[in-house]
$ cat work-v2.txt   # compact mmCIF, C-alpha atoms
# COMPACT_ATOMS: atom_id res chain seq x y z
CA MET A 1 0.00 0.00 0.00
CA ALA A 2 2.82 2.38 0.92
CA ASN A 3 4.37 1.65 -2.46
CA LEU A 4 1.29 2.83 -4.36
CA LEU A 5 1.10 5.97 -2.19
CA GLU A 6 4.66 6.74 -3.15
CA HIS A 7 3.88 5.92 -6.77
CA ILE A 8 1.14 8.54 -6.95
CA GLY A 9 3.37 11.18 -5.39
CA LEU A 10 2.49 11.07 -1.69
CA GLU A 11 5.19 10.64 0.96
CA LYS A 12 5.55 7.00 1.88
CA GLU A 13 6.56 8.00 5.43
CA ARG A 14 3.02 9.17 6.16
CA LEU A 15 2.01 5.54 6.42
CA GLN A 16 3.98 3.58 8.98
CA PHE A 17 3.57 0.09 10.36
CA SER A 18 4.62 -1.34 13.67
CA TRP A 19 3.88 -4.36 15.81
CA ILE A 20 3.68 -3.50 19.49
CA SER A 21 2.46 -5.67 22.33
CA SER A 22 0.28 -4.10 25.04
CA ALA A 23 3.15 -4.87 27.42
CA GLU A 24 5.64 -2.83 25.40
CA ALA A 25 4.88 0.66 26.68
CA GLY A 26 8.42 1.85 26.06
CA LYS A 27 8.36 0.74 22.43
CA PHE A 28 4.94 2.34 21.91
CA ALA A 29 6.18 5.70 23.20
CA LYS A 30 9.32 5.45 21.06
CA VAL A 31 7.44 4.57 17.86
CA ALA A 32 4.76 7.22 18.45
CA THR A 33 7.45 9.89 18.94
CA GLU A 34 9.27 8.74 15.82
CA VAL A 35 6.06 8.86 13.76
CA ALA A 36 5.20 12.32 15.09
CA ASN A 37 8.71 13.59 14.31
CA THR A 38 8.69 12.17 10.79
CA ILE A 39 5.32 13.71 10.00
CA GLU A 40 6.31 17.04 11.54
CA ALA A 41 9.41 17.12 9.36
CA LEU A 42 7.27 16.44 6.26
CA GLY A 43 4.85 19.24 7.17
CA PRO A 44 1.15 19.50 6.34
CA ILE A 45 0.01 17.52 3.32
CA ASP A 46 -0.98 19.63 0.33
CA LYS A 47 -2.09 16.84 -1.99
CA PHE A 48 -5.12 14.59 -1.80
CA VAL A 49 -6.96 16.99 0.51
CA LYS A 50 -10.67 17.56 -0.07
CA LYS A 51 -11.44 21.26 -0.14
CA THR A 52 -15.00 21.86 0.91
CA ASP A 53 -15.30 25.61 0.21
CA MET B 54 -16.19 -16.73 -42.16
CA ASP B 55 -13.19 -16.78 -39.87
CA SER B 56 -12.25 -20.37 -38.99
CA LEU B 57 -11.93 -19.56 -35.28
CA THR B 58 -15.45 -18.11 -35.20
CA LYS B 59 -16.70 -21.22 -36.99
CA LYS B 60 -14.94 -23.51 -34.55
CA ILE B 61 -16.30 -21.58 -31.54
CA ARG B 62 -19.86 -21.80 -32.88
CA GLU B 63 -19.43 -25.51 -33.53
CA ILE B 64 -18.09 -26.30 -30.04
CA ALA B 65 -20.70 -24.08 -28.34
CA SER B 66 -23.52 -25.65 -30.32
CA ASN B 67 -22.28 -29.17 -29.52
CA ILE B 68 -22.01 -28.68 -25.76
CA LEU B 69 -25.48 -27.13 -25.65
CA LYS B 70 -26.92 -30.05 -27.68
CA GLU B 71 -25.17 -32.59 -25.48
CA GLY B 72 -26.58 -30.87 -22.41
CA LYS B 73 -23.15 -30.32 -20.90
CA VAL B 74 -24.03 -26.68 -20.22
CA GLU B 75 -27.17 -24.55 -19.95
CA MET B 76 -25.67 -21.51 -21.60
CA VAL B 77 -22.52 -20.37 -23.34
CA ILE B 78 -21.01 -16.94 -22.80
CA GLY B 79 -19.18 -15.41 -25.73
CA PHE B 80 -19.05 -12.34 -27.91
CA THR B 81 -21.38 -11.10 -30.61
CA GLN B 82 -21.09 -8.20 -33.04
CA GLY B 83 -21.52 -4.79 -31.38
CA THR B 84 -23.95 -2.16 -32.61
CA ILE B 85 -21.23 -0.26 -34.46
CA PRO B 86 -18.39 -1.69 -36.55
CA MET B 87 -15.22 -2.85 -34.81
CA THR B 88 -16.93 -3.45 -31.50
CA SER B 89 -18.22 -6.52 -29.75
CA LYS B 90 -20.54 -7.19 -26.87
CA PRO B 91 -21.00 -10.13 -24.53
CA TYR B 92 -23.62 -12.63 -25.60
CA MET B 93 -25.23 -15.55 -23.78
CA ALA B 94 -26.46 -18.38 -26.00
CA ARG B 95 -28.99 -20.74 -24.46
CA THR B 96 -29.97 -22.75 -27.56
CA PRO B 97 -27.77 -24.31 -30.27
CA GLU B 98 -29.36 -21.94 -32.83
CA GLN B 99 -28.29 -18.87 -30.85
CA THR B 100 -24.63 -19.92 -31.11
CA GLU B 101 -24.76 -18.66 -34.74
CA ASN B 102 -24.53 -15.16 -33.25
CA PHE B 103 -21.09 -15.74 -31.75
CA ILE B 104 -18.13 -13.99 -33.33
CA TRP B 105 -14.42 -13.90 -32.66
CA ASP B 106 -12.25 -11.05 -33.92
CA ARG B 107 -9.69 -8.52 -32.74
CA HIS B 108 -12.30 -6.42 -30.94
CA CYS B 109 -13.37 -8.89 -28.25
CA THR B 110 -11.86 -6.65 -25.60
CA LEU B 111 -14.10 -7.24 -22.60
CA ASN B 112 -13.45 -9.95 -20.02
CA LEU B 113 -16.15 -12.61 -19.98
CA ALA B 114 -15.15 -13.89 -16.52
CA ASN B 115 -17.14 -10.87 -15.32
CA TYR B 116 -20.40 -12.66 -16.14
CA ILE B 117 -19.92 -15.91 -14.20
CA THR B 118 -19.81 -14.41 -10.70
CA GLY B 119 -22.06 -16.35 -8.33
CA ARG B 120 -24.02 -18.11 -11.09
CA LYS B 121 -25.67 -21.41 -10.27
CA GLU B 122 -26.13 -23.09 -13.65
CA LYS B 123 -23.62 -24.96 -15.78
CA ILE B 124 -21.87 -22.51 -18.03
CA GLY B 125 -19.78 -22.75 -21.16
CA ILE B 126 -17.44 -19.81 -21.47
CA ILE B 127 -15.14 -18.65 -24.22
CA ALA B 128 -11.82 -17.67 -22.72
CA LYS B 129 -8.74 -16.00 -24.11
CA GLY B 130 -5.59 -15.93 -21.96
CA CYS B 131 -6.68 -13.14 -19.62
CA ASP B 132 -10.28 -14.38 -19.30
CA SER B 133 -8.97 -17.80 -18.27
CA ARG B 134 -6.77 -16.21 -15.59
CA ASN B 135 -9.78 -14.34 -14.23
CA ILE B 136 -11.76 -17.59 -14.24
CA VAL B 137 -8.97 -19.08 -12.08
CA ASN B 138 -9.31 -16.03 -9.79
CA HIS B 139 -13.05 -16.62 -9.54
CA ILE B 140 -12.55 -20.28 -8.66
CA VAL B 141 -9.89 -19.44 -6.05
CA GLU B 142 -12.17 -16.78 -4.56
CA ASN B 143 -15.14 -19.20 -4.47
CA LYS B 144 -17.28 -17.21 -6.89
CA ILE B 145 -17.91 -20.28 -9.03
CA SER B 146 -16.85 -23.90 -8.92
CA ARG B 147 -14.68 -25.52 -11.55
CA ASP B 148 -17.17 -28.30 -12.31
CA GLN B 149 -19.83 -25.73 -13.24
CA LEU B 150 -17.67 -24.52 -16.09
CA TYR B 151 -16.89 -25.81 -19.52
CA ILE B 152 -14.10 -23.57 -20.76
CA ILE B 153 -13.57 -23.11 -24.46
CA GLY B 154 -9.99 -21.85 -24.67
CA VAL B 155 -9.10 -19.48 -27.47
CA PRO B 156 -5.43 -18.67 -28.05
CA CYS B 157 -5.19 -14.92 -28.51
CA THR B 158 -2.76 -12.83 -30.50
CA GLY B 159 -3.90 -9.59 -28.89
CA MET B 160 -6.88 -7.31 -29.30
CA ALA B 161 -6.91 -4.14 -31.37
CA ASP B 162 -6.55 -0.66 -29.93
CA LYS B 163 -9.86 1.26 -29.80
CA HIS B 164 -8.52 4.14 -31.85
CA ASN B 165 -5.81 2.50 -33.97
CA PRO B 166 -7.30 -0.82 -35.05
CA ASP B 167 -4.02 -1.76 -36.76
CA GLU B 168 -2.14 -1.56 -33.46
CA LEU B 169 -2.35 -3.87 -30.47
CA ARG B 170 -3.95 -2.32 -27.43
CA ASP B 171 -1.56 -1.40 -24.67
CA ASN B 172 -2.11 -4.32 -22.30
CA CYS B 173 -1.99 -6.88 -25.14
CA ALA B 174 1.37 -5.53 -26.27
CA THR B 175 2.86 -6.42 -22.86
CA CYS B 176 0.90 -9.67 -22.41
CA THR B 177 2.89 -12.82 -21.67
CA HIS B 178 -0.06 -15.19 -21.19
CA ARG B 179 -1.83 -15.33 -24.52
CA ASN B 180 -2.87 -18.95 -24.20
CA PRO B 181 -5.59 -19.94 -21.73
CA VAL B 182 -4.20 -21.35 -18.47
CA ILE B 183 -7.21 -23.64 -17.96
CA PHE B 184 -9.59 -25.01 -20.56
CA ASP B 185 -11.70 -28.07 -21.34
CA ILE B 186 -11.25 -27.75 -25.06
CA MET B 187 -9.10 -25.52 -27.23
CA ALA B 188 -10.60 -23.90 -30.31
CA ALA B 189 -7.18 -23.73 -32.01
CA GLU B 190 -3.53 -24.60 -31.55
CA PRO B 191 -1.72 -22.55 -28.85
CA VAL B 192 0.12 -19.47 -30.09
CA GLU B 193 3.67 -18.53 -29.25
CA GLU B 194 4.00 -16.43 -26.08
CA GLN B 195 5.66 -13.03 -26.29
CA LYS B 196 9.11 -12.60 -24.81
CA LEU B 197 9.50 -9.13 -23.35
CA ASP B 198 12.71 -7.46 -22.26
CA ASP B 199 10.97 -5.12 -19.90
CA PRO B 200 7.23 -5.61 -19.36
CA PHE B 201 6.99 -2.76 -16.85
CA ALA B 202 8.82 0.02 -18.69
CA ASP B 203 5.79 2.32 -18.30
CA VAL B 204 5.68 1.85 -14.51
CA LYS B 205 9.41 2.44 -14.23
CA ALA B 206 9.08 5.72 -16.14
CA ILE B 207 6.64 6.97 -13.50
CA GLU B 208 8.76 5.61 -10.64
CA ALA B 209 11.66 7.69 -11.94
CA MET B 210 9.70 10.97 -11.56
CA ASP B 211 9.94 13.14 -8.45
CA LYS B 212 6.92 13.25 -6.14
CA ASP B 213 5.37 16.42 -7.51
CA ALA B 214 5.69 15.18 -11.08
CA LYS B 215 4.06 11.90 -10.07
CA TRP B 216 1.18 13.69 -8.39
CA GLY B 217 0.78 15.95 -11.41
CA HIS B 218 0.82 12.94 -13.70
CA PHE B 219 -2.03 11.22 -11.85
CA GLN B 220 -4.03 14.43 -11.52
CA ASP B 221 -3.89 14.86 -15.30
CA LEU B 222 -4.70 11.20 -15.78
CA LEU B 223 -7.92 11.43 -13.78
CA SER B 224 -8.97 14.94 -14.80
CA ASN B 225 -11.49 13.62 -17.36
CA CYS B 226 -13.13 11.03 -15.14
CA VAL B 227 -16.93 11.35 -15.09
CA ARG B 228 -17.39 8.64 -12.45
CA CYS B 229 -19.59 6.48 -14.60
CA TYR B 230 -17.98 3.43 -12.94
CA ALA B 231 -17.78 1.64 -16.28
CA CYS B 232 -14.26 0.50 -15.32
CA ARG B 233 -15.55 -1.05 -12.15
CA ASN B 234 -18.54 -2.69 -13.83
CA ALA B 235 -16.41 -4.16 -16.61
CA CYS B 236 -13.81 -5.45 -14.15
CA PRO B 237 -14.15 -9.14 -13.28
CA LEU B 238 -12.52 -8.47 -9.90
CA CYS B 239 -15.12 -5.89 -8.89
CA TYR B 240 -17.92 -8.19 -7.84
CA CYS B 241 -18.69 -6.79 -4.36
CA PRO B 242 -22.50 -6.71 -3.89
CA THR B 243 -22.17 -3.10 -2.77
CA CYS B 244 -19.08 -1.24 -3.88
CA PHE B 245 -17.46 1.05 -1.30
CA VAL B 246 -18.32 4.08 -3.44
CA ASP B 247 -22.02 3.16 -3.30
CA GLU B 248 -22.14 2.64 0.44
CA SER B 249 -24.03 5.31 2.35
CA ALA B 250 -23.64 4.10 5.94
CA PRO B 251 -20.85 4.87 6.40
CA GLN B 252 -20.21 6.96 3.33
CA TRP B 253 -16.56 6.26 2.57
CA VAL B 254 -16.28 8.70 -0.28
CA GLY B 255 -18.24 11.69 -1.60
CA LYS B 256 -20.60 11.05 -4.49
CA GLY B 257 -19.94 14.17 -6.54
CA GLN B 258 -17.37 15.35 -9.04
CA ASN B 259 -14.97 16.61 -6.39
CA LYS B 260 -11.54 15.75 -7.68
CA THR B 261 -10.35 14.29 -4.37
CA ASP B 262 -13.36 11.96 -4.34
CA ILE B 263 -12.58 10.87 -7.90
CA GLN B 264 -8.97 10.19 -6.94
CA THR B 265 -10.07 8.29 -3.85
CA PHE B 266 -12.28 6.05 -5.99
CA HIS B 267 -9.45 5.19 -8.38
CA PHE B 268 -6.74 4.68 -5.75
CA LEU B 269 -8.92 2.54 -3.54
CA ARG B 270 -10.31 0.48 -6.38
CA ALA B 271 -6.73 -0.22 -7.42
CA PHE B 272 -5.87 -1.42 -3.89
CA HIS B 273 -8.78 -3.84 -4.01
CA CYS B 274 -7.24 -5.36 -7.13
CA ALA B 275 -3.77 -5.81 -5.62
CA GLY B 276 -2.41 -9.27 -6.33
CA ARG B 277 -5.58 -10.12 -8.29
CA CYS B 278 -5.39 -8.01 -11.45
CA THR B 279 -4.56 -9.91 -14.63
CA ASP B 280 -4.09 -6.74 -16.70
CA CYS B 281 -6.93 -7.82 -19.03
CA GLY B 282 -7.67 -4.21 -19.98
CA ALA B 283 -11.47 -4.48 -19.62
CA CYS B 284 -11.46 -1.28 -17.52
CA GLU B 285 -9.85 0.70 -20.31
CA ALA B 286 -11.94 -0.95 -23.00
CA ALA B 287 -15.06 0.19 -21.13
CA CYS B 288 -13.88 3.72 -20.27
CA PRO B 289 -15.76 6.32 -22.35
CA MET B 290 -13.20 9.02 -21.48
CA ASP B 291 -10.10 7.00 -22.46
CA ILE B 292 -8.54 7.16 -19.03
CA HIS B 293 -5.48 4.96 -18.55
CA VAL B 294 -7.05 3.21 -15.54
CA ARG B 295 -4.43 0.47 -15.64
CA ALA B 296 -1.73 2.93 -14.56
CA PHE B 297 -2.57 2.07 -10.93
CA THR B 298 -3.01 -1.68 -11.20
CA ARG B 299 0.14 -1.96 -13.31
CA LYS B 300 2.18 -0.66 -10.39
CA LEU B 301 0.52 -3.17 -8.05
CA ASN B 302 1.14 -5.99 -10.52
CA LYS B 303 4.80 -5.03 -10.67
CA ASP B 304 5.02 -4.97 -6.86
CA ALA B 305 3.26 -8.35 -6.61
CA LEU B 306 5.83 -9.80 -8.99
CA ASP B 307 8.84 -8.12 -7.33
CA LEU B 308 7.80 -8.79 -3.72
CA PHE B 309 6.01 -12.12 -3.97
CA GLY B 310 6.98 -13.50 -7.39
CA TRP B 311 3.26 -13.55 -8.08
CA GLU B 312 1.20 -13.20 -11.22
CA ALA B 313 -2.54 -13.48 -10.67
CA GLY B 314 -4.70 -16.29 -11.97
CA LEU B 315 -2.10 -18.78 -13.10
CA ASP B 316 -2.65 -21.59 -10.61
CA MET B 317 -5.91 -22.83 -9.11
CA THR B 318 -4.11 -24.51 -6.21
CA LYS B 319 -2.38 -21.39 -4.88
CA ARG B 320 -3.85 -18.73 -2.61
CA PRO B 321 -3.13 -15.09 -3.55
CA PRO B 322 -0.15 -13.53 -1.69
CA LEU B 323 -2.23 -11.02 0.28
CA ASP B 324 -4.44 -13.86 1.50
CA THR B 325 -1.70 -16.00 3.02
CA PHE B 326 1.15 -15.71 5.46
CA ASN B 327 4.59 -16.90 4.58
CA PRO B 328 7.60 -16.48 6.90
CA ASP B 329 9.57 -15.29 3.87
CA ASP B 330 7.19 -12.40 3.14
CA PRO B 331 9.01 -9.07 2.93
CA ASN B 332 8.51 -7.33 6.29
CA ASP B 333 11.11 -4.59 6.46
CA PHE B 334 8.33 -1.96 6.47
CA ILE B 335 7.31 -2.98 10.02
CA LYS B 336 9.24 -1.14 12.71
$ encode --input "work-v2.txt" --output "structure tokens"
Amino acid sequence: MANLLEHIGLEKERLQFSWISSAEAGKFAKVATEVANTIEALGPIDKFVKKTD
Amino acid sequence: MDSLTKKIREIASNILKEGKVEMVIGFTQGTIPMTSKPYMARTPEQTENFIWDRHCTLNLANYITGRKEKIGIIAKGCDSRNIVNHIVENKISRDQLYIIGVPCTGMADKHNPDELRDNCATCTHRNPVIFDIMAAEPVEEQKLDDPFADVKAIEAMDKDAKWGHFQDLLSNCVRCYACRNACPLCYCPTCFVDESAPQWVGKGQNKTDIQTFHFLRAFHCAGRCTDCGACEAACPMDIHVRAFTRKLNKDALDLFGWEAGLDMTKRPPLDTFNPDDPNDFIK
């Protein structure tokens, strides 16, 4: 799925996958921070956004 | 009369007479020259309406979904692969079908009848993969140096160029859903675009909604598309709908070594787990 996103010109990094057990609180916090940082670095998306006005 | 057409009529008429099937699905002449339309013959006399030429562009596997009777079906390479898909996905059982295999040398382009249409030019499965009887000797398969040159050209673009490319591609779409209706994979009783509770996607001509329809429909075909070209044959606006599924077909081949509809005994890659599946995208 990420490959097709990239193919149509969207950043692949906006879609991330991870496998975290409910017992892995540390890993969850780490992954969530990483995801947030990646997305922040990419900035707001300007493509594929439905404008309602 | 073309000998292949004659042979198809003969076989179809025989299996109806012998009671092997209750109907035969094939093609008949369209309402304008150089077109064809699907045709169901239920009596031996009706088989006289069958034709076979270079304009039989639709995929007949589309018409067997969920049917209960015994069916004879005329299948070129891609139709036969979609029949395999249907059997694997439990949309019909093998013993309901009598498959009349027709080796195919490619269908004509809608606008340049002397040229092969795009998906036939890159086809490497011209002979039916399953059949009960062949209407002619198998033809030689094409050997291609690079079947996915078109996908690679898009992959080489930067992200804004890619986005621009697909925006242009879809700018003419009128959302008639002809591509979906012609597609043998699109057999959901209610398509996600027609759902109203919840409404996954807007119903209007908003360009983001149009893009959503095309991207999501492509995802639903991942690992299943046989590149039969029925979507493009049906499109009244000449949109290159296959641009999306082509990429997914390339990924299925690169990641899983998979081409859809070749083997009745194998489950599709997105339906099974294999310890060797690529998993480097999971953190």
$ interface_residues --input "work-v2.txt" --of "chain B" --to "chain A" --cutoff "9 Å" --atoms "all atoms listed in the file" --output "ChimeraX atom specification"
/B:204,207-208,210-219,259-262,264-265,268,272,275,297,300-301,304,334-336
$ residues_around --input "work-v2.txt" --residues "Val227 (chain B)" --least-positions-apart "5" --cutoff "12 Å" --atoms "only C-alpha atoms" --output "PyMOL selection string"
chain B and resi 232+256-260+262-264+266-267+288-292
$ residues_around --input "work-v2.txt" --residues "Cys236 (chain B)" --least-positions-apart "5" --cutoff "8 Å" --atoms "only C-alpha atoms" --output "compact mmCIF listing (two decimals) with C-alpha atoms, keeping the file's coordinate frame"
# COMPACT_ATOMS: atom_id res chain seq x y z
CA ASN B 112 -13.45 -9.95 -20.02
CA ASN B 115 -17.14 -10.87 -15.32
CA ALA B 283 -11.47 -4.48 -19.62
CA CYS B 284 -11.46 -1.28 -17.52
$ residues_around --input "work-v2.txt" --residues "region 239-251 of chain B" --least-positions-apart "3" --cutoff "9 Å" --atoms "all atoms listed in the file" --output "list in words"
Asn115, Thr118, Arg233, Asn234, Ala235, Cys236, Val254, Gly255, Lys256, Phe266, Leu269, Arg270, His273 and Cys274 of chain B
$ closest_residue --input "work-v2.txt" --among "B:Gly119, B:Ser224, B:Asn165, B:Val294" --to "Glu142 (chain B)" --atoms "all atoms listed in the file"
B:Gly119
$ atom_distance --input "work-v2.txt" --atom1 "CA of Arg134 (chain B)" --atom2 "CA of Glu101 (chain B)"
26.4 Å
$ residues_around --input "work-v2.txt" --residues "Gly83 (chain B)" --least-positions-apart "6" --cutoff "12 Å" --atoms "all atoms listed in the file" --output "PDB file with C-alpha atoms, keeping the file's coordinate frame"
ATOM      1  CA  SER B  89     -18.220  -6.520 -29.750  1.00  0.00           C
ATOM      2  CA  LYS B  90     -20.540  -7.190 -26.870  1.00  0.00           C
ATOM      3  CA  PRO B  91     -21.000 -10.130 -24.530  1.00  0.00           C
ATOM      4  CA  TYR B  92     -23.620 -12.630 -25.600  1.00  0.00           C
ATOM      5  CA  ASN B 102     -24.530 -15.160 -33.250  1.00  0.00           C
ATOM      6  CA  PHE B 103     -21.090 -15.740 -31.750  1.00  0.00           C
ATOM      7  CA  ILE B 104     -18.130 -13.990 -33.330  1.00  0.00           C
ATOM      8  CA  TRP B 105     -14.420 -13.900 -32.660  1.00  0.00           C
ATOM      9  CA  ASP B 106     -12.250 -11.050 -33.920  1.00  0.00           C
ATOM     10  CA  HIS B 108     -12.300  -6.420 -30.940  1.00  0.00           C
ATOM     11  CA  CYS B 109     -13.370  -8.890 -28.250  1.00  0.00           C
ATOM     12  CA  THR B 110     -11.860  -6.650 -25.600  1.00  0.00           C
ATOM     13  CA  LEU B 111     -14.100  -7.240 -22.600  1.00  0.00           C
TER      14      LEU B 111
END
$ atom_distance --input "work-v2.txt" --atom1 "CA of Arg170 (chain B)" --atom2 "CA of Val77 (chain B)"
26.2 Å
$ axis_aligned_box --input "work-v2.txt" --around "region 3-19 of chain A" --padding-each-side "6 Å" --output "AutoDock Vina command-line options"
--center_x 3.8 --center_y 3.4 --center_z 4.4 --size_x 17.5 --size_y 27.5 --size_z 34.8
$ atom_distance --input "work-v2.txt" --atom1 "CA of Thr58 (chain B)" --atom2 "CA of Ser146 (chain B)"
26.9 Å
